[in-house]
Structures are given as C-alpha cells and as structure tokens.
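Here is query_12.cif, consisting of mmCIF, N, CA and C atoms:
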data_coords
loop_
_atom_site.label_atom_id
_atom_site.label_comp_id
_atom_site.auth_asym_id
_atom_site.auth_seq_id
_atom_site.Cartn_x
_atom_site.Cartn_y
_atom_site.Cartn_z
N MET P 1 -2.23 0.29 -14.87
CA MET P 1 -2.11 1.55 -14.19
C MET P 1 -0.71 1.66 -13.61
N GLU P 2 -0.25 2.89 -13.47
CA GLU P 2 1.02 3.15 -12.82
C GLU P 2 0.89 4.36 -11.90
N PHE P 3 1.61 4.30 -10.80
CA PHE P 3 1.63 5.38 -9.83
C PHE P 3 3.07 5.69 -9.48
N ASN P 4 3.33 6.91 -9.06
CA ASN P 4 4.63 7.26 -8.51
C ASN P 4 4.56 7.07 -7.01
N ASP P 5 5.61 6.43 -6.45
CA ASP P 5 5.63 6.30 -5.00
C ASP P 5 6.36 7.50 -4.38
N ARG P 6 6.55 7.48 -3.11
CA ARG P 6 7.18 8.55 -2.35
C ARG P 6 8.55 8.92 -2.89
N PHE P 7 9.24 7.96 -3.50
CA PHE P 7 10.60 8.15 -4.00
C PHE P 7 10.64 8.28 -5.52
N SER P 8 9.48 8.58 -6.13
CA SER P 8 9.34 8.77 -7.59
C SER P 8 9.60 7.51 -8.40
N ARG P 9 9.50 6.35 -7.77
CA ARG P 9 9.56 5.09 -8.54
C ARG P 9 8.21 4.87 -9.18
N ARG P 10 8.19 4.34 -10.39
CA ARG P 10 6.95 3.99 -11.07
C ARG P 10 6.52 2.62 -10.58
N ILE P 11 5.35 2.54 -9.94
CA ILE P 11 4.83 1.30 -9.38
C ILE P 11 3.60 0.89 -10.19
N LYS P 12 3.62 -0.33 -10.70
CA LYS P 12 2.53 -0.84 -11.54
C LYS P 12 1.44 -1.48 -10.71
N LEU P 13 0.23 -1.31 -11.18
CA LEU P 13 -0.91 -2.06 -10.68
C LEU P 13 -1.59 -2.64 -11.90
N THR P 14 -1.42 -3.94 -12.10
CA THR P 14 -2.00 -4.60 -13.26
C THR P 14 -3.50 -4.78 -13.07
N GLU P 15 -4.20 -5.03 -14.16
CA GLU P 15 -5.63 -5.31 -14.06
C GLU P 15 -5.86 -6.55 -13.20
N GLU P 16 -5.01 -7.54 -13.38
CA GLU P 16 -5.10 -8.76 -12.56
C GLU P 16 -4.88 -8.44 -11.08
N GLY P 17 -3.91 -7.57 -10.80
CA GLY P 17 -3.64 -7.17 -9.42
C GLY P 17 -4.82 -6.42 -8.81
N TRP P 18 -5.40 -5.49 -9.57
CA TRP P 18 -6.57 -4.74 -9.08
C TRP P 18 -7.74 -5.68 -8.85
N ASN P 19 -7.96 -6.62 -9.76
CA ASN P 19 -9.05 -7.59 -9.59
C ASN P 19 -8.84 -8.41 -8.32
N HIS P 20 -7.60 -8.82 -8.06
CA HIS P 20 -7.30 -9.56 -6.82
C HIS P 20 -7.66 -8.72 -5.60
N ILE P 21 -7.26 -7.45 -5.61
CA ILE P 21 -7.53 -6.57 -4.47
C ILE P 21 -9.03 -6.45 -4.23
N VAL P 22 -9.80 -6.14 -5.26
CA VAL P 22 -11.23 -5.90 -5.04
C VAL P 22 -12.01 -7.20 -4.79
N GLU P 23 -11.48 -8.34 -5.24
CA GLU P 23 -12.14 -9.61 -4.93
C GLU P 23 -11.89 -10.01 -3.48
N THR P 24 -10.67 -9.81 -2.99
CA THR P 24 -10.36 -10.22 -1.62
C THR P 24 -10.67 -9.13 -0.59
N HIS P 25 -10.71 -7.88 -1.05
CA HIS P 25 -11.00 -6.74 -0.17
C HIS P 25 -11.97 -5.80 -0.88
N PRO P 26 -13.22 -6.23 -1.04
CA PRO P 26 -14.19 -5.46 -1.83
C PRO P 26 -14.45 -4.05 -1.31
N GLU P 27 -14.14 -3.79 -0.05
CA GLU P 27 -14.32 -2.45 0.50
C GLU P 27 -13.40 -1.42 -0.19
N LEU P 28 -12.39 -1.90 -0.92
CA LEU P 28 -11.45 -1.00 -1.59
C LEU P 28 -11.88 -0.63 -3.01
N LYS P 29 -12.98 -1.17 -3.50
CA LYS P 29 -13.32 -0.97 -4.92
C LYS P 29 -13.50 0.48 -5.33
N ASP P 30 -13.89 1.35 -4.41
CA ASP P 30 -14.04 2.77 -4.72
C ASP P 30 -12.93 3.61 -4.11
N MET P 31 -11.81 2.98 -3.75
CA MET P 31 -10.74 3.69 -3.04
C MET P 31 -9.42 3.74 -3.82
N LEU P 32 -9.50 3.73 -5.14
CA LEU P 32 -8.28 3.76 -5.94
C LEU P 32 -7.47 5.04 -5.69
N GLU P 33 -8.13 6.16 -5.53
CA GLU P 33 -7.43 7.41 -5.26
C GLU P 33 -6.75 7.38 -3.89
N ASP P 34 -7.39 6.75 -2.91
CA ASP P 34 -6.77 6.59 -1.59
C ASP P 34 -5.53 5.70 -1.68
N LEU P 35 -5.62 4.63 -2.47
CA LEU P 35 -4.49 3.73 -2.68
C LEU P 35 -3.33 4.52 -3.29
N LYS P 36 -3.62 5.31 -4.27
CA LYS P 36 -2.60 6.16 -4.90
C LYS P 36 -1.97 7.09 -3.85
N GLY P 37 -2.80 7.65 -2.97
CA GLY P 37 -2.32 8.54 -1.92
C GLY P 37 -1.38 7.85 -0.95
N VAL P 38 -1.62 6.58 -0.67
CA VAL P 38 -0.74 5.82 0.23
C VAL P 38 0.66 5.73 -0.38
N LEU P 39 0.74 5.48 -1.67
CA LEU P 39 2.05 5.37 -2.33
C LEU P 39 2.74 6.72 -2.42
N GLU P 40 2.01 7.74 -2.78
CA GLU P 40 2.59 9.07 -2.98
C GLU P 40 2.97 9.76 -1.68
N ASP P 41 2.17 9.56 -0.64
CA ASP P 41 2.37 10.29 0.61
C ASP P 41 2.11 9.37 1.81
N PRO P 42 2.94 8.34 1.97
CA PRO P 42 2.74 7.42 3.10
C PRO P 42 3.16 8.07 4.41
N GLU P 43 2.70 7.50 5.50
CA GLU P 43 3.16 7.94 6.81
C GLU P 43 4.28 7.04 7.31
N LEU P 44 4.30 5.80 6.78
CA LEU P 44 5.28 4.81 7.24
C LEU P 44 5.50 3.79 6.13
N ILE P 45 6.76 3.38 5.97
CA ILE P 45 7.08 2.28 5.05
C ILE P 45 7.92 1.29 5.83
N LYS P 46 7.50 0.02 5.79
CA LYS P 46 8.21 -1.03 6.53
C LYS P 46 8.62 -2.14 5.57
N LYS P 47 9.72 -2.82 5.90
CA LYS P 47 10.14 -4.01 5.16
C LYS P 47 9.29 -5.18 5.61
N SER P 48 8.97 -6.04 4.69
CA SER P 48 8.29 -7.29 5.03
C SER P 48 9.25 -8.18 5.82
N VAL P 49 8.72 -8.87 6.81
CA VAL P 49 9.55 -9.82 7.55
C VAL P 49 9.67 -11.15 6.80
N TYR P 50 8.87 -11.30 5.74
CA TYR P 50 8.84 -12.56 4.98
C TYR P 50 9.62 -12.51 3.67
N ASN P 51 9.76 -11.31 3.08
CA ASN P 51 10.39 -11.21 1.77
C ASN P 51 11.16 -9.90 1.69
N GLU P 52 12.46 -9.99 1.48
CA GLU P 52 13.31 -8.80 1.46
C GLU P 52 13.01 -7.85 0.31
N ASN P 53 12.30 -8.33 -0.71
CA ASN P 53 11.94 -7.50 -1.86
C ASN P 53 10.58 -6.81 -1.70
N VAL P 54 9.94 -6.99 -0.56
CA VAL P 54 8.59 -6.47 -0.35
C VAL P 54 8.60 -5.41 0.75
N VAL P 55 7.90 -4.30 0.47
CA VAL P 55 7.72 -3.25 1.48
C VAL P 55 6.23 -2.96 1.62
N LEU P 56 5.87 -2.46 2.80
CA LEU P 56 4.48 -2.15 3.11
C LEU P 56 4.36 -0.65 3.35
N PHE P 57 3.55 0.00 2.54
CA PHE P 57 3.28 1.43 2.67
C PHE P 57 2.02 1.59 3.51
N TYR P 58 2.08 2.46 4.52
CA TYR P 58 0.91 2.69 5.39
C TYR P 58 0.54 4.17 5.38
N ARG P 59 -0.76 4.41 5.43
CA ARG P 59 -1.27 5.77 5.61
C ARG P 59 -2.60 5.67 6.35
N TYR P 60 -2.77 6.54 7.32
CA TYR P 60 -4.00 6.58 8.11
C TYR P 60 -5.02 7.48 7.41
N TYR P 61 -6.25 6.99 7.33
CA TYR P 61 -7.36 7.76 6.76
C TYR P 61 -8.49 7.81 7.78
N GLY P 62 -8.87 9.00 8.19
CA GLY P 62 -9.96 9.17 9.14
C GLY P 62 -11.32 8.81 8.59
N HIS P 63 -11.47 8.87 7.26
CA HIS P 63 -12.78 8.59 6.66
C HIS P 63 -13.03 7.09 6.41
N ILE P 64 -12.04 6.26 6.64
CA ILE P 64 -12.23 4.82 6.43
C ILE P 64 -12.58 4.18 7.77
N TYR P 65 -13.81 3.70 7.89
CA TYR P 65 -14.28 3.04 9.12
C TYR P 65 -13.97 3.86 10.38
N GLN P 66 -14.23 5.13 10.36
CA GLN P 66 -13.96 6.05 11.48
C GLN P 66 -12.49 6.05 11.89
N GLY P 67 -11.61 5.71 10.97
CA GLY P 67 -10.18 5.80 11.21
C GLY P 67 -9.44 4.49 11.17
N LYS P 68 -8.84 4.20 10.02
CA LYS P 68 -8.03 2.98 9.84
C LYS P 68 -6.85 3.32 8.93
N HIS P 69 -5.88 2.43 8.92
CA HIS P 69 -4.76 2.54 8.00
C HIS P 69 -5.09 1.77 6.72
N MET P 70 -4.61 2.30 5.60
CA MET P 70 -4.60 1.51 4.39
C MET P 70 -3.15 1.07 4.21
N CYS P 71 -2.97 -0.19 3.89
CA CYS P 71 -1.65 -0.74 3.62
C CYS P 71 -1.59 -1.15 2.16
N VAL P 72 -0.55 -0.71 1.47
CA VAL P 72 -0.31 -1.12 0.09
C VAL P 72 1.01 -1.89 0.09
N VAL P 73 0.94 -3.13 -0.37
CA VAL P 73 2.10 -4.02 -0.38
C VAL P 73 2.73 -3.97 -1.76
N VAL P 74 4.03 -3.62 -1.80
CA VAL P 74 4.73 -3.42 -3.06
C VAL P 74 5.93 -4.35 -3.14
N ARG P 75 6.05 -5.00 -4.27
CA ARG P 75 7.22 -5.83 -4.55
C ARG P 75 8.20 -4.96 -5.31
N LEU P 76 9.31 -4.60 -4.68
CA LEU P 76 10.24 -3.63 -5.26
C LEU P 76 10.98 -4.17 -6.48
N ASP P 77 11.36 -5.45 -6.47
CA ASP P 77 12.12 -5.99 -7.60
C ASP P 77 11.28 -6.07 -8.87
N GLU P 78 9.96 -6.06 -8.73
CA GLU P 78 9.06 -6.06 -9.89
C GLU P 78 8.36 -4.71 -10.06
N GLU P 79 8.60 -3.80 -9.10
CA GLU P 79 7.95 -2.48 -9.09
C GLU P 79 6.45 -2.60 -9.32
N SER P 80 5.83 -3.48 -8.53
CA SER P 80 4.39 -3.72 -8.70
C SER P 80 3.71 -3.90 -7.35
N ILE P 81 2.41 -3.59 -7.35
CA ILE P 81 1.58 -3.75 -6.16
C ILE P 81 1.14 -5.20 -6.07
N VAL P 82 1.35 -5.78 -4.91
CA VAL P 82 0.95 -7.16 -4.65
C VAL P 82 -0.49 -7.21 -4.18
N THR P 83 -0.80 -6.36 -3.20
CA THR P 83 -2.15 -6.29 -2.65
C THR P 83 -2.29 -4.99 -1.86
N ALA P 84 -3.49 -4.76 -1.38
CA ALA P 84 -3.76 -3.62 -0.50
C ALA P 84 -4.92 -4.02 0.40
N TYR P 85 -4.95 -3.43 1.60
CA TYR P 85 -6.02 -3.76 2.53
C TYR P 85 -6.13 -2.68 3.60
N ILE P 86 -7.24 -2.72 4.32
CA ILE P 86 -7.51 -1.81 5.43
C ILE P 86 -7.15 -2.54 6.72
N THR P 87 -6.50 -1.82 7.65
CA THR P 87 -6.09 -2.45 8.89
C THR P 87 -6.07 -1.43 10.02
N ASP P 88 -6.17 -1.93 11.24
CA ASP P 88 -5.99 -1.04 12.38
C ASP P 88 -4.65 -1.32 13.06
N ARG P 89 -3.87 -2.23 12.47
CA ARG P 89 -2.61 -2.64 13.05
C ARG P 89 -1.49 -2.57 12.03
N ILE P 90 -0.37 -2.02 12.45
CA ILE P 90 0.81 -1.97 11.59
C ILE P 90 1.65 -3.21 11.88
N LYS P 91 2.05 -3.90 10.82
CA LYS P 91 2.80 -5.15 10.99
C LYS P 91 4.21 -4.90 11.52
N LYS P 92 4.80 -5.95 12.07
CA LYS P 92 6.16 -5.89 12.53
C LYS P 92 7.09 -5.79 11.31
N GLY P 93 8.28 -5.32 11.57
CA GLY P 93 9.26 -5.22 10.49
C GLY P 93 10.08 -3.95 10.64
N GLU P 94 11.17 -3.94 9.95
CA GLU P 94 12.10 -2.80 10.00
C GLU P 94 11.48 -1.60 9.29
N ILE P 95 11.61 -0.45 9.91
CA ILE P 95 11.11 0.78 9.29
C ILE P 95 12.11 1.22 8.22
N VAL P 96 11.59 1.43 7.02
CA VAL P 96 12.39 1.89 5.89
C VAL P 96 12.37 3.42 5.84
N TRP P 97 11.20 3.98 6.11
CA TRP P 97 11.00 5.43 6.03
C TRP P 97 9.81 5.80 6.91
N GLU P 98 9.91 6.95 7.57
CA GLU P 98 8.81 7.41 8.40
C GLU P 98 8.66 8.92 8.23
N LYS P 99 7.41 9.35 8.08
CA LYS P 99 7.11 10.78 7.92
C LYS P 99 7.33 11.48 9.25
N ASN P 100 7.93 12.65 9.20
CA ASN P 100 8.15 13.44 10.43
C ASN P 100 6.92 14.21 10.81
#
Starting from the coordinates I provided, produce the structure as structure tokens.
Amino acid sequence: MEFNDRFSRRIKLTEEGWNHIVETHPELKDMLEDLKGVLEDPELIKKSVYNENVVLFYRYYGHIYQGKHMCVVVRLDEESIVTAYITDRIKKGEIVWEKN
C-alpha cells in the first residue's frame, strides 16, 4: 500500500509492516482509513529523539476511545511506515510541522 503524506511524499506500508501493526496494536485492524488520514492531514509532526530519519505524525480522533491521538511513525529515508499506535500523550521532540 502507498499513501500520500501532508507534503505529497509517497509513503509505503508493506504487508509485513501492516501485519506488525495489527499484531502489536490489534485495536488498529479496522482503522486503516484513520491511519491514512493521519498522514494526509496530521495536526502535528515531530522528529524522533532517537533517530534523525524518523518522524511521528499525530492526529486526534474523538471516536477512538472517547478521544485519543493516533501516531504514525514514518522513516523518511525509506519513505515507509514503521508502526502506528493509539496514545493520549505526544512524545518529546522537535516540532517539524504544526497545523494552525
């Protein structure tokens, strides 16, 4: 699968990557469209504090557990999704882009 991110980059999600996501975060198995929405229309993008090639896309969804963020972790040098998860906390790190 491929998605366009906020900056029109083509971001890959391999079958292996999707399997990893749904095995480690099974609550996401029916949320592929929401994941796509995080990439296309994030509210916040932050740099990883651990890897300069990794960014974290965040978007808040009111319908997920009465309101949580979905985070999609993207490796920019490979233009691929590493993982995705639901969270109520935004990680530390430099802000790359923020929605007004």
Considering all atoms listed in the file, return as number ranges by chain whatever protein or nucleic-acid residues lie within 7 Å of region 2-18 of chain P, sequence-local ones (same chain, fewer than 2 positions apart) excluded. P: 20-23, 36, 38-42, 78-83
Residues of the last selection are to be written out with N, CA and C atoms, as an mmCIF file, keeping the file's coordinate frame.
data_model
loop_
_atom_site.group_PDB
_atom_site.id
_atom_site.type_symbol
_atom_site.label_atom_id
_atom_site.label_comp_id
_atom_site.auth_asym_id
_atom_site.auth_seq_id
_atom_site.Cartn_x
_atom_site.Cartn_y
_atom_site.Cartn_z
ATOM 1 N N HIS P 20 -7.600 -8.820 -8.060
ATOM 2 C CA HIS P 20 -7.300 -9.560 -6.820
ATOM 3 C C HIS P 20 -7.660 -8.720 -5.600
ATOM 4 N N ILE P 21 -7.260 -7.450 -5.610
ATOM 5 C CA ILE P 21 -7.530 -6.570 -4.470
ATOM 6 C C ILE P 21 -9.030 -6.450 -4.230
ATOM 7 N N VAL P 22 -9.800 -6.140 -5.260
ATOM 8 C CA VAL P 22 -11.230 -5.900 -5.040
ATOM 9 C C VAL P 22 -12.010 -7.200 -4.790
ATOM 10 N N GLU P 23 -11.480 -8.340 -5.240
ATOM 11 C CA GLU P 23 -12.140 -9.610 -4.930
ATOM 12 C C GLU P 23 -11.890 -10.010 -3.480
ATOM 13 N N LYS P 36 -3.620 5.310 -4.270
ATOM 14 C CA LYS P 36 -2.600 6.160 -4.900
ATOM 15 C C LYS P 36 -1.970 7.090 -3.850
ATOM 16 N N VAL P 38 -1.620 6.580 -0.670
ATOM 17 C CA VAL P 38 -0.740 5.820 0.230
ATOM 18 C C VAL P 38 0.660 5.730 -0.380
ATOM 19 N N LEU P 39 0.740 5.480 -1.670
ATOM 20 C CA LEU P 39 2.050 5.370 -2.330
ATOM 21 C C LEU P 39 2.740 6.720 -2.420
ATOM 22 N N GLU P 40 2.010 7.740 -2.780
ATOM 23 C CA GLU P 40 2.590 9.070 -2.980
ATOM 24 C C GLU P 40 2.970 9.760 -1.680
ATOM 25 N N ASP P 41 2.170 9.560 -0.640
ATOM 26 C CA ASP P 41 2.370 10.290 0.610
ATOM 27 C C ASP P 41 2.110 9.370 1.810
ATOM 28 N N PRO P 42 2.940 8.340 1.970
ATOM 29 C CA PRO P 42 2.740 7.420 3.100
ATOM 30 C C PRO P 42 3.160 8.070 4.410
ATOM 31 N N GLU P 78 9.960 -6.060 -8.730
ATOM 32 C CA GLU P 78 9.060 -6.060 -9.890
ATOM 33 C C GLU P 78 8.360 -4.710 -10.060
ATOM 34 N N GLU P 79 8.600 -3.800 -9.100
ATOM 35 C CA GLU P 79 7.950 -2.480 -9.090
ATOM 36 C C GLU P 79 6.450 -2.600 -9.320
ATOM 37 N N SER P 80 5.830 -3.480 -8.530
ATOM 38 C CA SER P 80 4.390 -3.720 -8.700
ATOM 39 C C SER P 80 3.710 -3.900 -7.350
ATOM 40 N N ILE P 81 2.410 -3.590 -7.350
ATOM 41 C CA ILE P 81 1.580 -3.750 -6.160
ATOM 42 C C ILE P 81 1.140 -5.200 -6.070
ATOM 43 N N VAL P 82 1.350 -5.780 -4.910
ATOM 44 C CA VAL P 82 0.950 -7.160 -4.650
ATOM 45 C C VAL P 82 -0.490 -7.210 -4.180
ATOM 46 N N THR P 83 -0.800 -6.360 -3.200
ATOM 47 C CA THR P 83 -2.150 -6.290 -2.650
ATOM 48 C C THR P 83 -2.290 -4.990 -1.860
#
Would you please work out which residue, of P:Lys99, P:Lys92, P:Arg75, P:Lys29, is nearest to Val54 (chain P) when using only C-alpha atoms? P:Arg75
How many Å lie between CA of Lys91 (chain P) and CA of Glu43 (chain P), rounded to one decimal?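 Value for the CA of Lys91 (chain P)-CA of Glu43 (chain P) distance: 13.7 Å.
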Identify all residues of region 10-83 of chain P in strand (DSSP E or B) (DSSP on the backbone) and supply them as a ChimeraX atom specification. /P:10-12,44-47,54-61,68-75,80-83
I need the residues of chain P that end up classed as alpha helix (DSSP H) by DSSP on the backbone, written out as a list in words. Glu15, Glu16, Gly17, Trp18, Asn19, His20, Ile21, Val22, Glu23, Thr24, Leu32, Glu33, Asp34, Leu35, Lys36, Gly37, Val38, Leu39 and Glu40 of chain P
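Distance annotation: of P:Asp77, P:Glu94, P:Asp34, P:Asp88, the residue with the minimal separation from Ser48 (chain P) is P:Glu94; atom set is only C-alpha atoms.
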Result set of the PyMOL selection byres ((chain P and resi 71) around 7) on the coordinates above, as a PyMOL selection string: chain P and resi 56-59+69-70+72-73+83-87
